[in-house]
file data-v2.cif (mmCIF, C-alpha atoms)
data_start
loop_
_atom_site.label_atom_id
_atom_site.label_comp_id
_atom_site.auth_asym_id
_atom_site.auth_seq_id
_atom_site.Cartn_x
_atom_site.Cartn_y
_atom_site.Cartn_z
CA MET A 1 6.43 5.28 5.34
CA GLU A 2 6.33 7.96 7.96
CA ARG A 3 8.05 5.64 10.43
CA LEU A 4 10.82 4.86 7.93
CA ARG A 5 11.19 8.51 6.94
CA ASN A 6 11.53 9.58 10.59
CA ALA A 7 14.04 6.82 11.26
CA GLU A 8 16.07 7.92 8.23
CA GLN A 9 16.10 11.52 9.47
CA ARG A 10 17.22 10.44 12.96
CA GLY A 11 19.96 8.16 11.60
CA LYS A 12 18.14 5.05 12.88
CA LEU A 13 16.95 3.54 9.62
CA ASP A 14 18.95 0.32 9.92
CA ARG A 15 17.62 -0.29 13.42
CA THR A 16 14.02 0.33 12.32
CA LEU A 17 14.38 -1.92 9.28
CA LYS A 18 15.75 -4.70 11.50
CA LYS A 19 12.75 -4.36 13.81
CA LEU A 20 10.30 -4.48 10.91
CA ALA A 21 12.13 -7.46 9.40
CA ILE A 22 11.63 -9.71 12.44
CA TYR A 23 7.83 -9.70 12.42
CA LYS A 24 6.54 -13.00 11.04
CA LEU A 25 3.79 -11.08 9.24
CA LEU A 26 3.67 -7.44 8.22
CA ILE A 27 0.61 -5.94 6.55
CA ILE A 28 1.15 -2.91 4.37
CA ASP A 29 -2.27 -1.52 3.58
CA GLU A 30 -3.42 0.83 0.81
CA ILE A 31 -0.35 1.06 -1.39
CA GLY A 32 -1.07 3.86 -3.78
CA TYR A 33 -3.55 5.69 -1.62
CA LEU A 34 -1.00 8.49 -1.58
CA PRO A 35 1.88 8.71 -4.06
CA LEU A 36 5.32 8.24 -2.55
CA GLN A 37 8.20 10.66 -2.81
CA ARG A 38 11.48 9.35 -4.23
CA LEU A 39 13.06 8.88 -0.77
CA GLU A 40 9.98 7.00 0.44
CA SER A 41 10.14 4.67 -2.57
CA HIS A 42 13.76 3.88 -1.76
CA LEU A 43 12.86 3.23 1.88
CA PHE A 44 9.98 0.99 0.81
CA PHE A 45 12.37 -0.98 -1.41
CA GLN A 46 14.75 -1.43 1.51
CA LEU A 47 11.92 -2.74 3.69
CA VAL A 48 10.74 -5.20 1.06
CA SER A 49 14.32 -6.33 0.44
CA ARG A 50 14.96 -6.93 4.14
CA ARG A 51 11.85 -9.09 4.44
CA TYR A 52 12.29 -10.88 1.09
CA GLU A 53 12.45 -14.67 1.55
CA LYS A 54 12.57 -14.24 5.35
CA ALA A 55 9.07 -13.27 6.44
CA SER A 56 5.54 -12.91 5.10
CA THR A 57 4.12 -9.61 3.99
CA ILE A 58 0.60 -8.78 2.86
CA PHE A 59 0.20 -5.83 0.54
CA THR A 60 -3.19 -4.31 -0.24
CA SER A 61 -3.84 -1.84 -3.00
CA ASN A 62 -6.52 -0.61 -5.34
CA LYS A 63 -3.79 -0.06 -7.91
CA SER A 64 -2.79 -2.64 -10.49
CA PHE A 65 0.84 -3.69 -10.64
CA SER A 66 1.21 -1.72 -13.87
CA GLU A 67 0.39 1.45 -11.90
CA TRP A 68 3.02 0.91 -9.19
CA GLY A 69 5.67 2.79 -11.19
CA GLU A 70 3.47 5.88 -11.07
CA VAL A 71 2.60 5.35 -7.39
CA LEU A 72 6.25 4.92 -6.42
CA GLY A 73 7.42 7.69 -8.73
CA ASP A 74 10.02 5.38 -10.26
CA SER A 75 9.34 2.46 -12.57
CA VAL A 76 12.76 0.88 -11.91
CA ILE A 77 12.14 0.75 -8.14
CA ALA A 78 8.59 -0.49 -8.75
CA SER A 79 9.93 -3.27 -10.95
CA ALA A 80 12.52 -4.28 -8.35
CA ILE A 81 9.92 -4.32 -5.57
CA LEU A 82 7.40 -6.28 -7.64
CA ASP A 83 10.11 -8.75 -8.63
CA ARG A 84 10.59 -9.61 -4.94
CA VAL A 85 6.91 -9.41 -4.00
CA LEU A 86 5.72 -11.65 -6.83
CA HIS A 87 8.59 -14.17 -6.76
CA HIS A 88 7.02 -16.32 -4.03
CA GLY A 89 3.81 -14.37 -3.74
CA ILE A 90 0.19 -15.22 -4.17
CA THR A 91 -1.98 -12.58 -5.81
CA LEU A 92 -5.65 -12.27 -4.99
CA ASN A 93 -7.72 -10.00 -7.18
CA ILE A 94 -11.00 -9.16 -5.49
CA ARG A 95 -13.64 -7.73 -7.76
CA GLY A 96 -17.07 -6.51 -7.02
CA GLU A 97 -18.82 -3.99 -4.92
CA SER A 98 -17.16 -2.59 -1.82
CA TYR A 99 -18.55 -4.11 1.36
CA ARG A 100 -19.08 -0.55 2.61
CA MET A 101 -21.28 0.31 -0.38
CA LYS A 102 -23.07 -3.00 -0.07
CA ALA A 103 -23.89 -2.29 3.58
CA ARG A 104 -25.04 1.20 2.66
CA LYS A 105 -27.43 -0.16 0.04
CA MET A 106 -28.77 -2.76 2.48
CA ALA A 107 -29.45 0.04 4.95
CA GLY A 108 -31.44 1.84 2.26
CA THR A 109 -29.11 4.82 2.12
CA SER A 110 -28.55 6.29 -1.31
CA TYR A 111 -25.14 7.11 -2.71
CA PRO A 112 -24.15 9.75 -3.38
CA PRO A 113 -26.22 11.43 -0.71
CA PRO A 114 -28.83 13.89 -1.97
CA ASN A 115 -27.79 17.52 -2.23
CA ARG A 116 -29.08 19.06 0.99
CA ALA A 117 -27.86 22.58 0.25
CA GLY A 118 -31.01 23.19 -1.70
CA GLY A 119 -31.62 23.29 -5.36
CA GLY A 120 -30.63 19.59 -5.87
CA ARG A 121 -31.33 17.90 -9.18
#
call {"tool": "encode", "arguments": {"input": "data-v2.cif", "output": "structure tokens"}}
result
Amino acid sequence: MERLRNAEQRGKLDRTLKKLAIYKLLIIDEIGYLPLQRLESHLFFQLVSRRYEKASTIFTSNKSFSEWGEVLGDSVIASAILDRVLHHGITLNIRGESYRMKARKMAGTSYPPPNRAGGGR
């Protein structure tokens, strides 16, 4: 989003979108990690629209599709994006323990770590 925002500010958005549209595969990781501002949501829509039916895109998120309106700050834009994403898309829902937490348990490290400031529980 930062790349698109900077391109928009420099008047080079179309050029940047064209570049991002030619990749055969684009991975957009952690949608919803940070909420998007209205401008960013519009830029995200433009990116998805440029790639729609032309190239493959992988989206990862811990947010359900029903939460995308909140994440994008606009349920209409979220609906338009999801319409394109899901039209030819395959959805994988991975459930279970995080591989990071699994590795931590295998290493014998507790989570959350004990309070080392003294006075713990």
call {"tool": "atom_distance", "arguments": {"input": "data-v2.cif", "atom1": "atom CA of A:Ile77", "atom2": "atom CA of A:Ala55"}}
result
20.5 Å
call {"tool": "residues_near_point", "arguments": {"input": "data-v2.cif", "point": "(12.8, 0.5, 1.0)", "cutoff": "10 Å", "atoms": "only C-alpha atoms", "output": "ChimeraX atom specification"}}
result
/A:1,4,17,39-50,77,81
call {"tool": "atom_distance", "arguments": {"input": "data-v2.cif", "atom1": "atom CA of A:Thr60", "atom2": "atom CA of A:Met106"}}
result
25.8 Å
call {"tool": "residues_near_point", "arguments": {"input": "data-v2.cif", "point": "(7.8, 10.0, -8.6)", "cutoff": "7 Å", "atoms": "all atoms listed in the file", "output": "PyMOL selection string"}}
result
chain A and resi 36-38+70+72-74
call {"tool": "write_last_selection", "arguments": {"input": "data-v2.cif", "atoms": "C-alpha atoms", "output": "PDB file, in the frame of the given file"}}
result
ATOM      1  CA  LEU A  36       5.320   8.240  -2.550  1.00  0.00           C
ATOM      2  CA  GLN A  37       8.200  10.660  -2.810  1.00  0.00           C
ATOM      3  CA  ARG A  38      11.480   9.350  -4.230  1.00  0.00           C
ATOM      4  CA  GLU A  70       3.470   5.880 -11.070  1.00  0.00           C
ATOM      5  CA  LEU A  72       6.250   4.920  -6.420  1.00  0.00           C
ATOM      6  CA  GLY A  73       7.420   7.690  -8.730  1.00  0.00           C
ATOM      7  CA  ASP A  74      10.020   5.380 -10.260  1.00  0.00           C
TER       8      ASP A  74
END
call {"tool": "atom_distance", "arguments": {"input": "data-v2.cif", "atom1": "atom CA of A:Tyr33", "atom2": "atom CA of A:Ser66"}}
result
15.1 Å
call {"tool": "resolve_selection", "arguments": {"input": "data-v2.cif", "expression": "the PyMOL selection byres ((chain A and resi 67) around 12)", "output": "count of residues only"}}
result
21
call {"tool": "closest_residue", "arguments": {"input": "data-v2.cif", "among": "A:Arg3, A:Phe59, A:Thr91, A:Arg10", "to": "A:Glu30", "atoms": "all atoms listed in the file"}}
result
A:Phe59
call {"tool": "closest_residue", "arguments": {"input": "data-v2.cif", "among": "A:Glu8, A:Glu53, A:Arg15, A:Ile58", "to": "A:His87", "atoms": "all atoms listed in the file"}}
result
A:Glu53
call {"tool": "build_atoms", "arguments": {"input": "data-v2.cif", "residues": "stretch 79-114 of chain A", "atoms": "N, CA and C atoms", "output": "compact mmCIF listing (two decimals), keeping the file's coordinate frame"}}
result
# COMPACT_ATOMS: atom_id res chain seq x y z
N SER A 79 9.60 -1.98 -10.36
CA SER A 79 9.93 -3.27 -10.95
C SER A 79 10.74 -4.14 -9.99
N ALA A 80 11.70 -3.54 -9.31
CA ALA A 80 12.52 -4.28 -8.35
C ALA A 80 11.69 -4.77 -7.16
N ILE A 81 10.79 -3.93 -6.69
CA ILE A 81 9.92 -4.32 -5.57
C ILE A 81 8.99 -5.44 -6.01
N LEU A 82 8.34 -5.26 -7.16
CA LEU A 82 7.40 -6.28 -7.64
C LEU A 82 8.11 -7.59 -7.94
N ASP A 83 9.33 -7.54 -8.39
CA ASP A 83 10.11 -8.75 -8.63
C ASP A 83 10.21 -9.58 -7.35
N ARG A 84 10.47 -8.92 -6.24
CA ARG A 84 10.59 -9.61 -4.94
C ARG A 84 9.22 -10.02 -4.40
N VAL A 85 8.25 -9.14 -4.53
CA VAL A 85 6.91 -9.41 -4.00
C VAL A 85 6.27 -10.59 -4.73
N LEU A 86 6.41 -10.63 -6.03
CA LEU A 86 5.72 -11.65 -6.83
C LEU A 86 6.48 -12.96 -6.95
N HIS A 87 7.77 -12.96 -6.61
CA HIS A 87 8.59 -14.17 -6.76
C HIS A 87 7.98 -15.37 -6.04
N HIS A 88 7.65 -15.23 -4.79
CA HIS A 88 7.02 -16.32 -4.03
C HIS A 88 5.60 -15.96 -3.63
N GLY A 89 5.09 -14.90 -4.19
CA GLY A 89 3.81 -14.37 -3.74
C GLY A 89 2.59 -15.04 -4.34
N ILE A 90 1.50 -14.81 -3.69
CA ILE A 90 0.19 -15.22 -4.17
C ILE A 90 -0.61 -13.94 -4.35
N THR A 91 -1.20 -13.78 -5.51
CA THR A 91 -1.98 -12.58 -5.81
C THR A 91 -3.47 -12.91 -5.77
N LEU A 92 -4.20 -12.14 -5.03
CA LEU A 92 -5.65 -12.27 -4.99
C LEU A 92 -6.24 -11.00 -5.57
N ASN A 93 -7.06 -11.14 -6.57
CA ASN A 93 -7.72 -10.00 -7.18
C ASN A 93 -9.19 -10.07 -6.80
N ILE A 94 -9.61 -9.17 -5.96
CA ILE A 94 -11.00 -9.16 -5.49
C ILE A 94 -11.77 -8.14 -6.29
N ARG A 95 -12.81 -8.62 -6.94
CA ARG A 95 -13.64 -7.73 -7.76
C ARG A 95 -15.02 -7.66 -7.15
N GLY A 96 -15.71 -6.62 -7.49
CA GLY A 96 -17.07 -6.51 -7.02
C GLY A 96 -17.26 -5.25 -6.20
N GLU A 97 -18.43 -5.16 -5.68
CA GLU A 97 -18.82 -3.99 -4.92
C GLU A 97 -18.12 -3.96 -3.56
N SER A 98 -17.74 -2.79 -3.14
CA SER A 98 -17.16 -2.59 -1.82
C SER A 98 -18.15 -3.04 -0.75
N TYR A 99 -17.65 -3.69 0.28
CA TYR A 99 -18.55 -4.11 1.36
C TYR A 99 -19.18 -2.90 2.04
N ARG A 100 -18.51 -1.77 2.01
CA ARG A 100 -19.08 -0.55 2.61
C ARG A 100 -20.30 -0.08 1.81
N MET A 101 -20.16 -0.10 0.47
CA MET A 101 -21.28 0.31 -0.38
C MET A 101 -22.41 -0.70 -0.29
N LYS A 102 -22.06 -1.96 -0.19
CA LYS A 102 -23.07 -3.00 -0.07
C LYS A 102 -23.89 -2.81 1.21
N ALA A 103 -23.21 -2.52 2.31
CA ALA A 103 -23.89 -2.29 3.58
C ALA A 103 -24.77 -1.04 3.50
N ARG A 104 -24.28 -0.04 2.81
CA ARG A 104 -25.04 1.20 2.66
C ARG A 104 -26.33 0.96 1.89
N LYS A 105 -26.24 0.16 0.83
CA LYS A 105 -27.43 -0.16 0.04
C LYS A 105 -28.42 -0.98 0.87
N MET A 106 -27.89 -1.93 1.65
CA MET A 106 -28.77 -2.76 2.48
C MET A 106 -29.50 -1.92 3.52
N ALA A 107 -28.84 -0.85 3.96
CA ALA A 107 -29.45 0.04 4.95
C ALA A 107 -30.45 1.00 4.30
N GLY A 108 -30.50 0.98 2.97
CA GLY A 108 -31.44 1.84 2.26
C GLY A 108 -30.97 3.26 2.09
N THR A 109 -29.67 3.48 2.25
CA THR A 109 -29.11 4.82 2.12
C THR A 109 -28.60 4.99 0.70
N SER A 110 -28.98 6.07 0.07
CA SER A 110 -28.55 6.29 -1.31
C SER A 110 -27.12 6.80 -1.35
N TYR A 111 -26.49 6.60 -2.48
CA TYR A 111 -25.14 7.11 -2.71
C TYR A 111 -25.08 7.62 -4.13
N PRO A 112 -24.56 8.77 -4.36
CA PRO A 112 -24.15 9.75 -3.38
C PRO A 112 -25.37 10.33 -2.66
N PRO A 113 -25.11 10.87 -1.46
CA PRO A 113 -26.22 11.43 -0.71
C PRO A 113 -26.87 12.58 -1.47
N PRO A 114 -28.16 12.78 -1.27
CA PRO A 114 -28.83 13.89 -1.97
C PRO A 114 -28.25 15.23 -1.57
